[in-house]
Amino acid sequence: MDLDDALAGVVAQSGDRLLRVAYQLTHDRVAAQDLVQEALLRVYRSMIRCGVAPQDSYAYLRRAVLNEYLRTVRLRSSAEVVTDRMPERPVAGSPEDQIADRAQLWAALGALSARQRAVLVLRYYEDLPDHQIAALLGCREASVRSLASRGLAVMRQLAVPASIGEEDRS
Amino acid sequence: MNRIEDILGQVMASHDQEAPAAADLLRALRAASPPPGRGRARRSLADWYLPLAAAAAVAAVIAGSVWAGGLLGSHRQASPARLPAAPRQFNPLIPNVSFGWLPAGDSLIQGGVRRTDVYLNAGRPLGLLGWGLDVYARARCHLTGPATGLTCSTRDVGGVSTWRFSDRAPAVGGHRAFWAGPNLVWQYARGGWAALNIPVPNFSALRHDTVTQRKAIKIAGHLRFGAATPPLAFPAQFTGLTGQWRISEVRYFADAGALRADSYILTTRTSRFSPHVGDLGVWVNAPYVEIHPAPGGSTCTPHDPATKNTSEIINGYRVVVKRMTIGGLPKQEVCAAHAAGFWVNIEEFGPYPTIGVASLFKHLRLPGTNPANWTNNPIG
């Protein structure tokens, strides 16, 4: 199998998953597609130069997507428009309220810093342990815990859902 | 009752169906391209500063008759021992290398200069893969074994590139050359190598495509070096700084015939590269400067609610000064969304910066968005 086939295989096998991770990071369909496309091109060029495909293609590409996301956000952070005004909080109880809760959480995720969001996506969406997240982000495990803790704290401030327990309100 | 941690994964998963599909991605890969300026990562120098005297000396060497005389344009056969030497380092204030010929419809998109290497990207605005050129300074590249491949190192994060030779290529300007996958690799000067990434998927596609082969050889043979390259235009100038500051890395874009340098790093003797911060590593005590005409609706809205921000007026411009910690490293940033028509962002890592970003901003002179008023020297 040559490199093109290998890359095409990765896209066919893992493209959807990569795009979902990218969407979790960006909350934007076009940006997610750009992110994965850019990461694929970078990996493709690297593979061409090295002449070999990485053993764990998905993990390799996920790392490339993550790096590209953090790089892009760092370069273009000013383009982000963040609001600290959240929708009115619903009253707990009804299914409609629960949907509203989730919408608030999703919106609050979008207000986090890039690294905080990356940590939460890797931890709660990709189910990665903190030591792997630390390796991906190039930081210490304690930093991952700190980023997660700060991210969750911000989310609690911005979007405490009505159906979430008191321990998350304090 | 739930905790945020308990339902966060579910909330994320509930948005899975909103993500684009791989089929869309494949279509996009075939039909579209990343926007200019996003095709290449910002890269950081491994070495920590470039002495001005050395840069000037290099510029003088590059500008000398050997380089300006179109060495590579010559088809005289020359052995490696008789070649003039490649520069030990590149001058970041000039492009150093430019395309003298490109296929019809292709044009320069962007480029970058580091002390160790120069890169150029060219292609069509809607093309997925264009031509990618890397030119390395002297002693950056080494043949592997009995000329089976080439390894080039720029000593920074991920800064090692390896090409495995697929076949011997026709000489470029009389100098030995090889096909390496979809790349043309050749020795452009003594101790100096260059690689041209060709917009074909692999060597199998290139092997029988003599038209593309000829284009690649022609592009390589018509490169211009040193003083023969067009100047870089910097949209702003720092004035009144002490003499210790240097421009260490420049990225530029081709814009209506001008080479608009809108991203660079200021370094001094105290600047250090810290490879373990962030995903790519960062320079400490080295302001990252990014200046370009302000797009409509540009803003300096902080993206991190935990960041400490202050709004100030400096030099008559409203700026946002941000302070935060990244990877345990303090970071400060000053941003002006609309300063004389420019969007300006300066960020600096490190607990004891030689000069703070707000102070640095006071040294900034913005001549306006007309490129005719821009400068070739960003440190006045």
# chains A, B, ... in the order shown; residues from 1 in each chain; ligands from 1
>>> select_by_dssp(residues="region 91-126 of chain B", states="strand (DSSP E or B)", output="list in words")
Val97, Ser98, Ser107, Leu108, Ile109, Gln110, Gly111, Gly112, Val113, Asp117, Val118, Tyr119, Leu120, Asn121, Ala122 and Gly123 of chain B
>>> atom_distance(atom1="CA of Ala85 (chain B)", atom2="CA of His142 (chain B)")
14.8 Å
>>> residues_around(residues="Gln89 (chain B)", least_positions_apart="3", cutoff="6 Å", atoms="only C-alpha atoms", output="PyMOL selection string")
chain B and resi 115-116+137
>>> write_last_selection(atoms="all heavy atoms", output="compact mmCIF listing (two decimals), in the first residue's frame")
# COMPACT_ATOMS: atom_id res chain seq x y z
N ARG B 115 16.99 32.08 9.84
CA ARG B 115 18.42 32.07 9.65
C ARG B 115 18.87 30.78 8.95
O ARG B 115 19.79 30.78 8.14
CB ARG B 115 19.13 32.18 11.01
CG ARG B 115 20.61 32.37 10.91
CD ARG B 115 21.18 32.72 12.27
NE ARG B 115 21.26 31.59 13.16
CZ ARG B 115 22.33 30.80 13.24
NH1 ARG B 115 23.37 31.02 12.50
NH2 ARG B 115 22.34 29.78 14.09
N THR B 116 18.16 29.72 9.24
CA THR B 116 18.57 28.41 8.76
C THR B 116 18.01 28.04 7.40
O THR B 116 18.60 27.21 6.69
CB THR B 116 18.12 27.32 9.75
OG1 THR B 116 16.72 27.51 9.99
CG2 THR B 116 18.87 27.44 11.06
N ALA B 137 20.39 26.73 4.46
CA ALA B 137 21.70 27.37 4.57
C ALA B 137 22.79 26.30 4.60
O ALA B 137 22.52 25.10 4.71
CB ALA B 137 21.75 28.23 5.82
>>> closest_atom_pairs(of="region 101-142 of chain A", to="region 146-160 of chain A", cutoff="8 Å", atoms="only C-alpha atoms", output="CSV")
residue,atom,partner,partner_atom,distance
A:Asp101,CA,A:Ala159,CA,7.8
A:Gln104,CA,A:Ala159,CA,5.5
A:Leu105,CA,A:Ala159,CA,5.9
A:Ala108,CA,A:Met155,CA,5.5
A:Leu109,CA,A:Met155,CA,6.9
A:Leu112,CA,A:Gly151,CA,6.4
A:Ser113,CA,A:Gly151,CA,7.9
A:Arg115,CA,A:Leu147,CA,7.2
A:Gln116,CA,A:Leu147,CA,5.2
A:Arg117,CA,A:Gly151,CA,7.1
A:Val119,CA,A:Ala148,CA,6.1
A:Leu120,CA,A:Ala148,CA,6.1
A:Ala142,CA,A:Ser146,CA,6.1
>>> write_last_selection(atoms="N, CA and C atoms", output="short mmCIF file (atom, residue, chain, number, x, y, z; two decimals), in the first residue's frame")
data_model
loop_
_atom_site.label_atom_id
_atom_site.label_comp_id
_atom_site.auth_asym_id
_atom_site.auth_seq_id
_atom_site.Cartn_x
_atom_site.Cartn_y
_atom_site.Cartn_z
N ASP A 101 -30.42 23.32 29.28
CA ASP A 101 -29.19 23.13 30.05
C ASP A 101 -28.04 22.75 29.13
N GLN A 104 -26.81 25.45 27.01
CA GLN A 104 -25.98 26.39 27.76
C GLN A 104 -24.57 25.83 27.93
N LEU A 105 -24.48 24.56 28.23
CA LEU A 105 -23.16 23.95 28.41
C LEU A 105 -22.37 24.01 27.10
N ALA A 108 -21.22 27.45 26.66
CA ALA A 108 -20.15 27.76 27.60
C ALA A 108 -18.82 27.15 27.15
N LEU A 109 -18.89 25.98 26.55
CA LEU A 109 -17.66 25.37 26.02
C LEU A 109 -16.99 26.30 25.02
N LEU A 112 -14.55 28.95 26.39
CA LEU A 112 -13.29 28.59 27.05
C LEU A 112 -12.09 28.94 26.18
N SER A 113 -10.95 29.02 26.81
CA SER A 113 -9.73 29.21 26.03
C SER A 113 -9.45 27.94 25.23
N ARG A 115 -6.90 25.98 24.99
CA ARG A 115 -6.30 24.84 25.69
C ARG A 115 -7.27 24.24 26.70
N GLN A 116 -8.07 25.09 27.33
CA GLN A 116 -9.07 24.55 28.24
C GLN A 116 -10.07 23.69 27.47
N ARG A 117 -10.50 24.19 26.33
CA ARG A 117 -11.47 23.44 25.54
C ARG A 117 -10.86 22.13 25.04
N VAL A 119 -8.51 20.40 26.44
CA VAL A 119 -8.42 19.44 27.55
C VAL A 119 -9.77 18.79 27.81
N LEU A 120 -10.83 19.59 27.82
CA LEU A 120 -12.15 19.02 28.12
C LEU A 120 -12.63 18.10 27.00
N ALA A 142 -0.10 17.83 35.71
CA ALA A 142 -0.72 18.78 36.64
C ALA A 142 -1.33 19.96 35.89
#
>>> closest_residue(among="B:Gly328, B:Ser311, B:Gly221, B:Asn373", to="Glu141 (chain A)", atoms="only C-alpha atoms")
B:Gly328
>>> select_by_dssp(residues="region 186-371 of chain B", states="alpha helix (DSSP H)", output="MDAnalysis selection string")
chainID B and resid 203:207 210:221 357:362
>>> write_last_selection(atoms="C-alpha atoms", output="mmCIF file, in the first residue's frame")
data_model
loop_
_atom_site.group_PDB
_atom_site.id
_atom_site.type_symbol
_atom_site.label_atom_id
_atom_site.label_comp_id
_atom_site.auth_asym_id
_atom_site.auth_seq_id
_atom_site.Cartn_x
_atom_site.Cartn_y
_atom_site.Cartn_z
ATOM 1 C CA PHE B 203 6.844 9.524 -7.630
ATOM 2 C CA SER B 204 4.794 6.999 -9.545
ATOM 3 C CA ALA B 205 2.736 9.858 -10.910
ATOM 4 C CA LEU B 206 5.836 11.922 -11.572
ATOM 5 C CA ARG B 207 7.958 9.210 -13.193
ATOM 6 C CA THR B 210 7.816 14.485 -18.281
ATOM 7 C CA VAL B 211 5.945 17.771 -18.621
ATOM 8 C CA THR B 212 5.780 18.241 -14.873
ATOM 9 C CA GLN B 213 9.367 17.066 -14.528
ATOM 10 C CA ARG B 214 10.476 19.743 -16.966
ATOM 11 C CA LYS B 215 8.476 22.372 -15.103
ATOM 12 C CA ALA B 216 10.156 21.413 -11.844
ATOM 13 C CA ILE B 217 13.621 21.543 -13.373
ATOM 14 C CA LYS B 218 12.814 24.888 -14.941
ATOM 15 C CA ILE B 219 11.500 26.351 -11.678
ATOM 16 C CA ALA B 220 14.629 25.177 -9.868
ATOM 17 C CA GLY B 221 16.909 26.451 -12.583
ATOM 18 C CA VAL B 357 4.648 44.558 25.228
ATOM 19 C CA ALA B 358 2.942 47.813 26.228
ATOM 20 C CA SER B 359 6.304 49.563 26.349
ATOM 21 C CA LEU B 360 7.227 48.061 23.021
ATOM 22 C CA PHE B 361 3.994 49.315 21.510
ATOM 23 C CA LYS B 362 5.058 52.858 22.404
#
>>> residues_around(residues="Tyr69 (chain A)", least_positions_apart="5", cutoff="10 Å", atoms="only C-alpha atoms", output="number ranges by chain")
A: 22, 25-26, 31-32, 34-36, 38-39, 63-64, 74-75, 114-115, 118
>>> residues_around(residues="Tyr119 (chain B)", least_positions_apart="3", cutoff="9 Å", atoms="only C-alpha atoms", output="list of chain:residue names")
B:Val97, B:Gln110, B:Gly111, B:Gly112, B:Val113, B:Arg114, B:Gly132, B:Leu133, B:Asp134, B:Val135, B:Tyr136
>>> residues_around(residues="Ala340 (chain B)", least_positions_apart="4", cutoff="8 Å", atoms="only C-alpha atoms", output="list in words")
Leu366, Pro367, Gly368 and Thr369 of chain B
>>> residues_around(residues="region 105-108 of chain B", least_positions_apart="6", cutoff="6 Å", atoms="only C-alpha atoms", output="NGL selection string")
:B and (122-124)
>>> write_last_selection(atoms="all heavy atoms", output="JSON list (two decimals), in the first residue's frame")
[["chain", "number", "residue", "atom", "x", "y", "z"],
["B", 122, "ALA", "N", 3.98, 28.43, -3.77],
["B", 122, "ALA", "CA", 3.39, 29.02, -4.97],
["B", 122, "ALA", "C", 2.32, 28.08, -5.51],
["B", 122, "ALA", "O", 2.34, 26.88, -5.25],
["B", 122, "ALA", "CB", 4.46, 29.27, -6.04],
["B", 123, "GLY", "N", 1.41, 28.63, -6.25],
["B", 123, "GLY", "CA", 0.37, 27.79, -6.83],
["B", 123, "GLY", "C", -0.76, 28.64, -7.35],
["B", 123, "GLY", "O", -0.62, 29.85, -7.51],
["B", 124, "ARG", "N", -1.87, 27.98, -7.57],
["B", 124, "ARG", "CA", -3.05, 28.69, -8.01],
["B", 124, "ARG", "C", -3.93, 28.94, -6.81],
["B", 124, "ARG", "O", -3.95, 28.13, -5.88],
["B", 124, "ARG", "CB", -3.81, 27.85, -9.04],
["B", 124, "ARG", "CG", -2.99, 27.62, -10.28],
["B", 124, "ARG", "CD", -3.63, 26.62, -11.21],
["B", 124, "ARG", "NE", -2.67, 26.25, -12.25],
["B", 124, "ARG", "CZ", -2.95, 26.26, -13.53],
["B", 124, "ARG", "NH1", -4.15, 26.58, -13.94],
["B", 124, "ARG", "NH2", -2.04, 25.93, -14.41]]
>>> atom_distance(atom1="CA of Ser161 (chain B)", atom2="CA of Ile94 (chain B)")
23.9 Å
